[in-house]
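Okay, so here's the structure we're looking at.
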Amino acid sequence: MDKVRNYERRREENKNKACMIQDGDSTICIDSSLPILNLIGKKYTMLVLGVIGNTGKRKNFNEILIDIPFSSSTIISKRLKELQELDLIVKHKGPEGVVYSLTELGWKVREMLIPFLRFVERRSEIP
């Protein structure tokens with residue numbers, strides 16, 4: 001029984017170590033970021049954030065769908081719901097119908113993704 005408890009205690013200690021990233025003299029725990037990071041890694045998530053934020057105006061579902069080539073209505077609908085659940089976008093219902101816009105958090109995440117995407121884009125150009 002002691003072996004099991006010891007094993008579980010070591011696993012918990014290692015879990016805490018595994019979620020940390022060293023940045024100079026400070027440590028960043030990525031554990032609280034995992035829901036957003038997991039969502040960003042899903043197909044079409046960054047494109048949805050991109051097309052909603054490109055004009056700064058609200059977009060309806062069909063505009064988003066048209067702006068993302070080869071996407072399906074099912075997956076775009078799913079991504080919109082997931083983005084709402086994490087407070088990255090907000091759904092507005094009004095006289096113009098249902099439209100989506102970025103939240104303050106959504107704008108910040110989109111803004112922080114841009115340097116990373118520029119880096120990846122430049123990196124892919126190197127033979």
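Going by the structure tokens order, chains are called A, B, ..., each with residues numbered from 1, while ligands are numbered from 1 in the order shown.
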| query | Can you list, as a count of residues only, every protein, DNA or RNA residue that comes within 12 Å of Met46 (chain A) when you count only C-alpha atoms, leaving out same-chain residues fewer than 4 positions away? | reply | 28
| request: Once DSSP has gone over the backbone, tell me which residues of region 3-127 of chain A are in strand (DSSP E or B), as a ChimeraX atom specification. | output: /A:20-23,26-29,59-60,89-94,97-102
| Among the residues A:Leu49, A:Ile21, A:Asn6, A:Ile28, the one that comes closest to Tyr100 (chain A) [using only C-alpha atoms] |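 With only C-alpha atoms as the atom set, the closest residue is A:Leu49.
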| message | According to DSSP computed on the backbone, where in chain A is there helix (DSSP H, G or I)? Give the residues as an MDAnalysis selection string. | response | chainID A and resid 2:18 31:40 45:54 61:67 73:85 104:125
Would you save the residues of that selection, restricted to C-alpha atoms, as a PDB file, in the first residue's frame?
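Written file, part_35.pdb:
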```pdb
ATOM      1  CA  ASP A   2       2.867   2.381   0.775  1.00  0.00           C
ATOM      2  CA  LYS A   3       4.291   1.748  -2.696  1.00  0.00           C
ATOM      3  CA  VAL A   4       0.977   2.797  -4.270  1.00  0.00           C
ATOM      4  CA  ARG A   5       0.747   5.963  -2.163  1.00  0.00           C
ATOM      5  CA  ASN A   6       4.359   6.814  -2.882  1.00  0.00           C
ATOM      6  CA  TYR A   7       3.795   6.251  -6.597  1.00  0.00           C
ATOM      7  CA  GLU A   8       0.689   8.493  -6.579  1.00  0.00           C
ATOM      8  CA  ARG A   9       2.532  11.208  -4.652  1.00  0.00           C
ATOM      9  CA  ARG A  10       5.422  11.148  -7.146  1.00  0.00           C
ATOM     10  CA  ARG A  11       2.973  11.296 -10.060  1.00  0.00           C
ATOM     11  CA  GLU A  12       1.328  14.385  -8.551  1.00  0.00           C
ATOM     12  CA  GLU A  13       4.720  16.041  -8.024  1.00  0.00           C
ATOM     13  CA  ASN A  14       5.760  15.261 -11.605  1.00  0.00           C
ATOM     14  CA  LYS A  15       2.439  16.523 -12.941  1.00  0.00           C
ATOM     15  CA  ASN A  16       3.144  19.871 -11.328  1.00  0.00           C
ATOM     16  CA  LYS A  17       6.630  19.920 -12.853  1.00  0.00           C
ATOM     17  CA  ALA A  18       5.341  18.914 -16.285  1.00  0.00           C
ATOM     18  CA  ASP A  31      -2.139  24.004 -16.935  1.00  0.00           C
ATOM     19  CA  SER A  32      -4.728  26.813 -16.815  1.00  0.00           C
ATOM     20  CA  SER A  33      -4.051  27.560 -20.501  1.00  0.00           C
ATOM     21  CA  LEU A  34      -4.690  24.030 -21.723  1.00  0.00           C
ATOM     22  CA  PRO A  35      -8.380  24.509 -22.620  1.00  0.00           C
ATOM     23  CA  ILE A  36      -7.557  27.440 -24.928  1.00  0.00           C
ATOM     24  CA  LEU A  37      -4.421  25.767 -26.292  1.00  0.00           C
ATOM     25  CA  ASN A  38      -6.335  22.569 -27.057  1.00  0.00           C
ATOM     26  CA  LEU A  39      -9.059  24.518 -28.845  1.00  0.00           C
ATOM     27  CA  ILE A  40      -6.597  26.594 -30.862  1.00  0.00           C
ATOM     28  CA  THR A  45     -10.247  27.397 -34.869  1.00  0.00           C
ATOM     29  CA  MET A  46      -7.549  29.895 -35.845  1.00  0.00           C
ATOM     30  CA  LEU A  47      -9.300  30.517 -39.150  1.00  0.00           C
ATOM     31  CA  VAL A  48     -12.557  31.330 -37.357  1.00  0.00           C
ATOM     32  CA  LEU A  49     -10.711  33.751 -35.041  1.00  0.00           C
ATOM     33  CA  GLY A  50      -9.034  35.212 -38.111  1.00  0.00           C
ATOM     34  CA  VAL A  51     -12.091  35.799 -40.265  1.00  0.00           C
ATOM     35  CA  ILE A  52     -14.187  37.201 -37.426  1.00  0.00           C
ATOM     36  CA  GLY A  53     -11.401  39.606 -36.510  1.00  0.00           C
ATOM     37  CA  ASN A  54     -10.204  40.544 -39.999  1.00  0.00           C
ATOM     38  CA  PHE A  61     -22.537  32.092 -39.809  1.00  0.00           C
ATOM     39  CA  ASN A  62     -22.713  32.024 -43.611  1.00  0.00           C
ATOM     40  CA  GLU A  63     -20.077  34.754 -43.944  1.00  0.00           C
ATOM     41  CA  ILE A  64     -17.734  32.776 -41.705  1.00  0.00           C
ATOM     42  CA  LEU A  65     -18.437  29.560 -43.598  1.00  0.00           C
ATOM     43  CA  ILE A  66     -17.815  31.201 -46.996  1.00  0.00           C
ATOM     44  CA  ASP A  67     -14.576  32.811 -45.780  1.00  0.00           C
ATOM     45  CA  SER A  73     -21.151  23.834 -41.619  1.00  0.00           C
ATOM     46  CA  THR A  74     -21.018  21.110 -38.967  1.00  0.00           C
ATOM     47  CA  ILE A  75     -17.431  21.749 -37.931  1.00  0.00           C
ATOM     48  CA  ILE A  76     -17.741  25.548 -38.094  1.00  0.00           C
ATOM     49  CA  SER A  77     -20.842  25.374 -35.922  1.00  0.00           C
ATOM     50  CA  LYS A  78     -18.963  23.200 -33.432  1.00  0.00           C
ATOM     51  CA  ARG A  79     -15.962  25.574 -33.345  1.00  0.00           C
ATOM     52  CA  LEU A  80     -18.240  28.581 -32.818  1.00  0.00           C
ATOM     53  CA  LYS A  81     -19.820  26.873 -29.811  1.00  0.00           C
ATOM     54  CA  GLU A  82     -16.429  25.919 -28.377  1.00  0.00           C
ATOM     55  CA  LEU A  83     -15.105  29.453 -28.860  1.00  0.00           C
ATOM     56  CA  GLN A  84     -18.181  30.817 -27.062  1.00  0.00           C
ATOM     57  CA  GLU A  85     -17.700  28.381 -24.168  1.00  0.00           C
ATOM     58  CA  GLU A 104     -11.799  41.179 -25.417  1.00  0.00           C
ATOM     59  CA  LEU A 105     -10.117  37.856 -24.624  1.00  0.00           C
ATOM     60  CA  GLY A 106     -10.645  36.729 -28.223  1.00  0.00           C
ATOM     61  CA  TRP A 107      -8.950  39.871 -29.531  1.00  0.00           C
ATOM     62  CA  LYS A 108      -6.000  39.344 -27.176  1.00  0.00           C
ATOM     63  CA  VAL A 109      -5.570  35.688 -28.159  1.00  0.00           C
ATOM     64  CA  ARG A 110      -5.812  36.597 -31.863  1.00  0.00           C
ATOM     65  CA  GLU A 111      -3.277  39.384 -31.389  1.00  0.00           C
ATOM     66  CA  MET A 112      -0.851  37.050 -29.629  1.00  0.00           C
ATOM     67  CA  LEU A 113      -1.197  34.392 -32.328  1.00  0.00           C
ATOM     68  CA  ILE A 114      -0.158  36.772 -35.109  1.00  0.00           C
ATOM     69  CA  PRO A 115       3.605  36.899 -34.270  1.00  0.00           C
ATOM     70  CA  PHE A 116       3.655  33.116 -33.925  1.00  0.00           C
ATOM     71  CA  LEU A 117       1.884  32.655 -37.270  1.00  0.00           C
ATOM     72  CA  ARG A 118       4.242  35.134 -38.960  1.00  0.00           C
ATOM     73  CA  PHE A 119       7.204  33.177 -37.587  1.00  0.00           C
ATOM     74  CA  VAL A 120       5.773  29.881 -38.854  1.00  0.00           C
ATOM     75  CA  GLU A 121       4.992  31.426 -42.231  1.00  0.00           C
ATOM     76  CA  ARG A 122       8.583  32.703 -42.619  1.00  0.00           C
ATOM     77  CA  ARG A 123       9.956  29.382 -41.388  1.00  0.00           C
ATOM     78  CA  SER A 124       8.000  27.477 -44.028  1.00  0.00           C
ATOM     79  CA  GLU A 125       9.545  29.650 -46.745  1.00  0.00           C
TER      80      GLU A 125
END
```
